[in-house]
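Undergrad: Pasting query.pdb here (PDB, C-alpha atoms, pLDDT in the B column):
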```pdb
ATOM      1  CA  MET A   1       0.000   0.000   0.000  1.00 94.00           C
ATOM      2  CA  THR A   2       1.066   3.558  -0.620  1.00 97.00           C
ATOM      3  CA  PRO A   3       1.232   5.909   2.387  1.00 97.00           C
ATOM      4  CA  GLU A   4      -2.027   7.549   1.227  1.00 97.00           C
ATOM      5  CA  GLN A   5      -3.715   4.151   1.014  1.00 97.00           C
ATOM      6  CA  LYS A   6      -2.504   3.370   4.531  1.00 98.00           C
ATOM      7  CA  ILE A   7      -4.239   6.500   5.813  1.00 97.00           C
ATOM      8  CA  LYS A   8      -7.402   5.470   3.975  1.00 97.00           C
ATOM      9  CA  HIS A   9      -7.074   2.075   5.661  1.00 98.00           C
ATOM     10  CA  LEU A  10      -6.936   3.784   9.074  1.00 98.00           C
ATOM     11  CA  ILE A  11      -9.977   5.909   8.204  1.00 97.00           C
ATOM     12  CA  ILE A  12     -11.932   2.829   7.101  1.00 98.00           C
ATOM     13  CA  LEU A  13     -11.152   1.053  10.373  1.00 97.00           C
ATOM     14  CA  ARG A  14     -12.103   4.112  12.442  1.00 97.00           C
ATOM     15  CA  HIS A  15     -15.309   4.634  10.426  1.00 97.00           C
ATOM     16  CA  PHE A  16     -16.521   1.103  11.139  1.00 97.00           C
ATOM     17  CA  GLU A  17     -15.447   1.387  14.795  1.00 96.00           C
ATOM     18  CA  LEU A  18     -17.514   4.574  15.211  1.00 96.00           C
ATOM     19  CA  ALA A  19     -20.479   2.865  13.529  1.00 95.00           C
ATOM     20  CA  GLY A  20     -20.157  -0.136  15.858  1.00 95.00           C
ATOM     21  CA  GLU A  21     -19.770  -2.440  12.880  1.00 95.00           C
ATOM     22  CA  ALA A  22     -17.128  -4.925  11.803  1.00 95.00           C
ATOM     23  CA  PRO A  23     -14.783  -3.619   9.095  1.00 94.00           C
ATOM     24  CA  PRO A  24     -14.250  -5.562   5.871  1.00 94.00           C
ATOM     25  CA  GLU A  25     -12.232  -8.723   6.519  1.00 92.00           C
ATOM     26  CA  SER A  26      -9.549  -7.935   4.000  1.00 94.00           C
ATOM     27  CA  ILE A  27      -8.361  -4.430   3.176  1.00 96.00           C
ATOM     28  CA  THR A  28      -5.638  -4.598   0.537  1.00 96.00           C
ATOM     29  CA  ALA A  29      -3.812  -2.272  -1.827  1.00 96.00           C
ATOM     30  CA  GLU A  30      -6.174  -3.506  -4.539  1.00 97.00           C
ATOM     31  CA  ASN A  31      -9.442  -2.673  -2.736  1.00 97.00           C
ATOM     32  CA  VAL A  32      -8.677   0.072  -0.188  1.00 97.00           C
ATOM     33  CA  ASP A  33      -9.469   2.963  -2.561  1.00 97.00           C
ATOM     34  CA  GLU A  34     -12.821   1.456  -3.553  1.00 97.00           C
ATOM     35  CA  ILE A  35     -13.809   0.717   0.062  1.00 97.00           C
ATOM     36  CA  TYR A  36     -12.812   4.247   1.074  1.00 97.00           C
ATOM     37  CA  ASP A  37     -14.772   5.827  -1.789  1.00 96.00           C
ATOM     38  CA  ASP A  38     -17.863   3.782  -0.846  1.00 95.00           C
ATOM     39  CA  LEU A  39     -17.924   4.992   2.785  1.00 96.00           C
ATOM     40  CA  GLU A  40     -21.002   7.009   3.631  1.00 92.00           C
ATOM     41  CA  ASP A  41     -20.089  10.274   5.356  1.00 90.00           C
ATOM     42  CA  PRO A  42     -16.616   9.376   6.673  1.00 93.00           C
ATOM     43  CA  TRP A  43     -16.134  12.926   8.067  1.00 92.00           C
ATOM     44  CA  ASP A  44     -15.805  11.976  11.750  1.00 95.00           C
ATOM     45  CA  ALA A  45     -13.404   9.119  11.108  1.00 96.00           C
ATOM     46  CA  ARG A  46     -11.368  11.187   8.639  1.00 95.00           C
ATOM     47  CA  ASN A  47     -11.066  14.091  11.091  1.00 94.00           C
ATOM     48  CA  GLU A  48     -10.045  11.838  13.980  1.00 95.00           C
ATOM     49  CA  VAL A  49      -7.359  10.104  11.923  1.00 97.00           C
ATOM     50  CA  ARG A  50      -6.185  13.471  10.517  1.00 95.00           C
ATOM     51  CA  GLN A  51      -5.083  14.528  14.012  1.00 95.00           C
ATOM     52  CA  GLY A  52      -2.759  11.527  14.277  1.00 95.00           C
ATOM     53  CA  MET A  53      -2.189   9.183  17.175  1.00 96.00           C
ATOM     54  CA  TYR A  54       1.366  10.311  17.928  1.00 96.00           C
ATOM     55  CA  GLU A  55       3.229  13.563  17.364  1.00 96.00           C
ATOM     56  CA  THR A  56       6.636  12.919  15.824  1.00 96.00           C
ATOM     57  CA  GLU A  57       9.878  14.862  15.962  1.00 91.00           C
ATOM     58  CA  ILE A  58       9.967  15.193  12.178  1.00 95.00           C
ATOM     59  CA  SER A  59      10.082  18.826  11.073  1.00 94.00           C
ATOM     60  CA  PRO A  60       6.788  19.624   9.298  1.00 93.00           C
ATOM     61  CA  PRO A  61       6.507  21.870   6.259  1.00 90.00           C
ATOM     62  CA  SER A  62       5.450  25.402   7.060  1.00 87.00           C
ATOM     63  CA  SER A  63       2.136  26.831   5.955  1.00 87.00           C
ATOM     64  CA  ARG A  64       1.258  30.430   5.313  1.00 85.00           C
ATOM     65  CA  HIS A  65      -2.247  30.102   6.741  1.00 87.00           C
ATOM     66  CA  TYR A  66      -2.092  27.278   9.311  1.00 92.00           C
ATOM     67  CA  GLU A  67      -0.026  25.830  12.117  1.00 92.00           C
ATOM     68  CA  THR A  68       1.528  22.445  11.333  1.00 94.00           C
ATOM     69  CA  ARG A  69       2.937  19.469  13.164  1.00 96.00           C
ATOM     70  CA  SER A  70       4.078  16.026  12.079  1.00 96.00           C
ATOM     71  CA  VAL A  71       1.937  13.142  13.293  1.00 97.00           C
ATOM     72  CA  ALA A  72       1.835   9.373  12.801  1.00 97.00           C
ATOM     73  CA  ASP A  73      -0.192   6.238  13.353  1.00 97.00           C
ATOM     74  CA  GLN A  74       0.424   2.510  13.193  1.00 97.00           C
ATOM     75  CA  LEU A  75      -1.464   0.110  10.955  1.00 96.00           C
ATOM     76  CA  PRO A  76      -2.653  -3.335  12.016  1.00 94.00           C
ATOM     77  CA  ASP A  77       0.241  -4.921  10.078  1.00 94.00           C
ATOM     78  CA  GLY A  78       2.721  -3.042  12.308  1.00 95.00           C
ATOM     79  CA  SER A  79       3.846  -0.528   9.678  1.00 96.00           C
ATOM     80  CA  TRP A  80       3.822   3.199  10.401  1.00 97.00           C
ATOM     81  CA  VAL A  81       2.700   6.151   8.306  1.00 97.00           C
ATOM     82  CA  GLY A  82       3.214   9.860   8.955  1.00 97.00           C
ATOM     83  CA  TRP A  83       1.745  13.099   7.624  1.00 96.00           C
ATOM     84  CA  THR A  84       1.371  16.786   8.345  1.00 95.00           C
ATOM     85  CA  TYR A  85      -1.495  17.870  10.586  1.00 95.00           C
ATOM     86  CA  TYR A  86      -2.755  21.343   9.694  1.00 93.00           C
ATOM     87  CA  TYR A  87      -4.688  23.275  12.352  1.00 93.00           C
ATOM     88  CA  GLY A  88      -5.563  26.810  13.432  1.00 89.00           C
ATOM     89  CA  GLY A  89      -6.101  29.501  10.864  1.00 82.00           C
ATOM     90  CA  GLY A  90      -8.405  31.705  12.880  1.00 80.00           C
ATOM     91  CA  LYS A  91     -12.136  32.239  12.693  1.00 76.00           C
ATOM     92  CA  HIS A  92     -12.449  31.667   8.965  1.00 76.00           C
ATOM     93  CA  GLY A  93      -9.750  29.001   8.682  1.00 81.00           C
ATOM     94  CA  GLU A  94     -10.548  25.597   7.250  1.00 81.00           C
ATOM     95  CA  PRO A  95      -7.442  23.460   7.861  1.00 83.00           C
ATOM     96  CA  GLU A  96      -9.388  20.225   7.373  1.00 80.00           C
ATOM     97  CA  ALA A  97      -9.794  21.191   3.703  1.00 79.00           C
ATOM     98  CA  VAL A  98      -6.030  20.913   3.081  1.00 83.00           C
ATOM     99  CA  ASP A  99      -5.236  17.748   1.091  1.00 87.00           C
ATOM    100  CA  TRP A 100      -3.041  16.220   3.771  1.00 93.00           C
ATOM    101  CA  MET A 101      -3.136  12.581   2.655  1.00 94.00           C
ATOM    102  CA  GLU A 102      -1.293  13.068  -0.630  1.00 93.00           C
ATOM    103  CA  ASP A 103       1.922  14.037   1.188  1.00 93.00           C
ATOM    104  CA  ALA A 104       1.928  11.101   3.621  1.00 96.00           C
ATOM    105  CA  TYR A 105       5.118   9.100   4.053  1.00 97.00           C
ATOM    106  CA  GLU A 106       6.332   5.766   5.413  1.00 97.00           C
ATOM    107  CA  LEU A 107       8.040   5.806   8.797  1.00 97.00           C
ATOM    108  CA  SER A 108      10.544   3.631  10.562  1.00 95.00           C
ATOM    109  CA  VAL A 109      10.050   3.700  14.331  1.00 94.00           C
ATOM    110  CA  THR A 110      12.356   2.681  17.151  1.00 93.00           C
ATOM    111  CA  GLU A 111      10.692   2.302  20.522  1.00 90.00           C
ATOM    112  CA  VAL A 112      12.768   2.491  23.695  1.00 92.00           C
ATOM    113  CA  PRO A 113      11.040   1.900  27.020  1.00 93.00           C
ATOM    114  CA  THR A 114      12.068   4.406  29.677  1.00 93.00           C
ATOM    115  CA  VAL A 115      11.441   4.880  33.367  1.00 95.00           C
ATOM    116  CA  VAL A 116      10.072   8.251  34.394  1.00 93.00           C
ATOM    117  CA  THR A 117      10.092   9.651  37.920  1.00 95.00           C
ATOM    118  CA  VAL A 118       7.153  11.912  38.704  1.00 92.00           C
ATOM    119  CA  ARG A 119       7.367  14.119  41.800  1.00 93.00           C
ATOM    120  CA  THR A 120       4.376  15.704  43.492  1.00 93.00           C
ATOM    121  CA  TRP A 121       5.142  18.530  45.904  1.00 91.00           C
ATOM    122  CA  THR A 122       3.073  19.539  48.916  1.00 91.00           C
ATOM    123  CA  LYS A 123       3.882  22.447  51.198  1.00 91.00           C
ATOM    124  CA  LEU A 124       3.977  21.412  54.847  1.00 91.00           C
ATOM    125  CA  GLU A 125       2.504  23.569  57.539  1.00 89.00           C
ATOM    126  CA  ALA A 126       5.086  25.175  59.825  1.00 82.00           C
ATOM    127  CA  SER A 127       5.526  23.165  63.019  1.00 71.00           C
ATOM    128  CA  SER A 128       5.396  25.023  66.337  1.00 64.00           C
ATOM    129  CA  HIS A 129       8.557  24.920  68.414  1.00 62.00           C
ATOM    130  CA  GLU A 130       8.099  25.018  72.178  1.00 56.00           C
ATOM    131  CA  SER A 131      11.042  26.375  74.088  1.00 54.00           C
TER     132      SER A 131
END
```
Go through the file and emit its structure as structure tokens.

TA:
Amino acid sequence: MTPEQKIKHLIILRHFELAGEAPPESITAENVDEIYDDLEDPWDARNEVRQGMYETEISPPSSRHYETRSVADQLPDGSWVGWTYYYGGGKHGEPEAVDWMEDAYELSVTEVPTVVTVRTWTKLEASSHES
């Protein structure tokens, strides 16, 4: 599958999940475009996928009218795809209208588990000293 087809695959899966239905058993490079084109009103699924599951450290292209960030998601086969998420634009902005899927790209991901220490601070009341 091309990176754009992988995004369509993610949208198809999300669409059926939102509808509470089982997705097609086999989504392949040969049928993904047709399945995607046959979806009825995939707006919600498309918009959710558009935001990405993970923000990446890849430098996104700049946009004159919108803010951008690089995002990614993983497909059921374990492969990763990334794209640019456009947002903002003010009151009359329409970042969801930007054709973001055509510039999608394959990603290689290395995951390293880390341990994080989280500290929570609480101020103690002053103790009284008896002399």

Undergrad: Calculated over only C-alpha atoms, which of the candidates A:Gly93, A:Ile12, A:Leu75, A:Ile58 has the smallest distance to Pro24 in chain A?

TA: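 Once distances to Pro24 in chain A are computed over only C-alpha atoms, the minimum belongs to A:Ile12.
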
Undergrad: Hey, can you check how far CA of Asp103 in chain A sits from CA of Glu25 in chain A?

TA: 27.3 Å

Undergrad: My list of candidates is A:Tyr54, A:Phe16, A:Trp43, A:Tyr66. Which is closest to Pro95 in chain A when distances are computed with only C-alpha atoms?

TA: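 Going through A:Tyr54, A:Phe16, A:Trp43, A:Tyr66 one by one, the smallest distance to Pro95 in chain A is for A:Tyr66.
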
Undergrad: Using the file's own x, y and z axes, so that the box edges lie along x, y and z, what centre and edge lengths in Å (one decimal) does a box around every listed atom of range 92-106 of chain A get when 5 Å is added on each side? Give it as JSON.

TA:
```
{"center_x": -3.1, "center_y": 18.7, "center_z": 4.2, "size_x": 28.8, "size_y": 35.9, "size_z": 19.6}
```

Undergrad: Which neighbours of Tyr105 in chain A fall inside 12 Å, counting all atoms listed in the file, when residues of the same chain fewer than 5 positions from it are skipped, and could you give them as JSON, numbers by chain?

TA: {"A": [1, 2, 3, 4, 5, 6, 7, 58, 60, 70, 71, 72, 73, 79, 80, 81, 82, 83, 84, 100]}

Undergrad: Can you write just those residues out, C-alpha atoms, as an mmCIF file, in the frame of the given file?

TA:
```
data_model
loop_
_atom_site.group_PDB
_atom_site.id
_atom_site.type_symbol
_atom_site.label_atom_id
_atom_site.label_comp_id
_atom_site.auth_asym_id
_atom_site.auth_seq_id
_atom_site.Cartn_x
_atom_site.Cartn_y
_atom_site.Cartn_z
ATOM 1 C CA MET A 1 0.000 0.000 0.000
ATOM 2 C CA THR A 2 1.066 3.558 -0.620
ATOM 3 C CA PRO A 3 1.232 5.909 2.387
ATOM 4 C CA GLU A 4 -2.027 7.549 1.227
ATOM 5 C CA GLN A 5 -3.715 4.151 1.014
ATOM 6 C CA LYS A 6 -2.504 3.370 4.531
ATOM 7 C CA ILE A 7 -4.239 6.500 5.813
ATOM 8 C CA ILE A 58 9.967 15.193 12.178
ATOM 9 C CA PRO A 60 6.788 19.624 9.298
ATOM 10 C CA SER A 70 4.078 16.026 12.079
ATOM 11 C CA VAL A 71 1.937 13.142 13.293
ATOM 12 C CA ALA A 72 1.835 9.373 12.801
ATOM 13 C CA ASP A 73 -0.192 6.238 13.353
ATOM 14 C CA SER A 79 3.846 -0.528 9.678
ATOM 15 C CA TRP A 80 3.822 3.199 10.401
ATOM 16 C CA VAL A 81 2.700 6.151 8.306
ATOM 17 C CA GLY A 82 3.214 9.860 8.955
ATOM 18 C CA TRP A 83 1.745 13.099 7.624
ATOM 19 C CA THR A 84 1.371 16.786 8.345
ATOM 20 C CA TRP A 100 -3.041 16.220 3.771
#
```

Undergrad: At a cut-off of 12 Å, using only C-alpha atoms, what residues contact Ser62 in chain A? Leave out same-chain residues fewer than 3 positions from it and give the result as a ChimeraX atom specification.

TA: /A:59,65-70,84-87
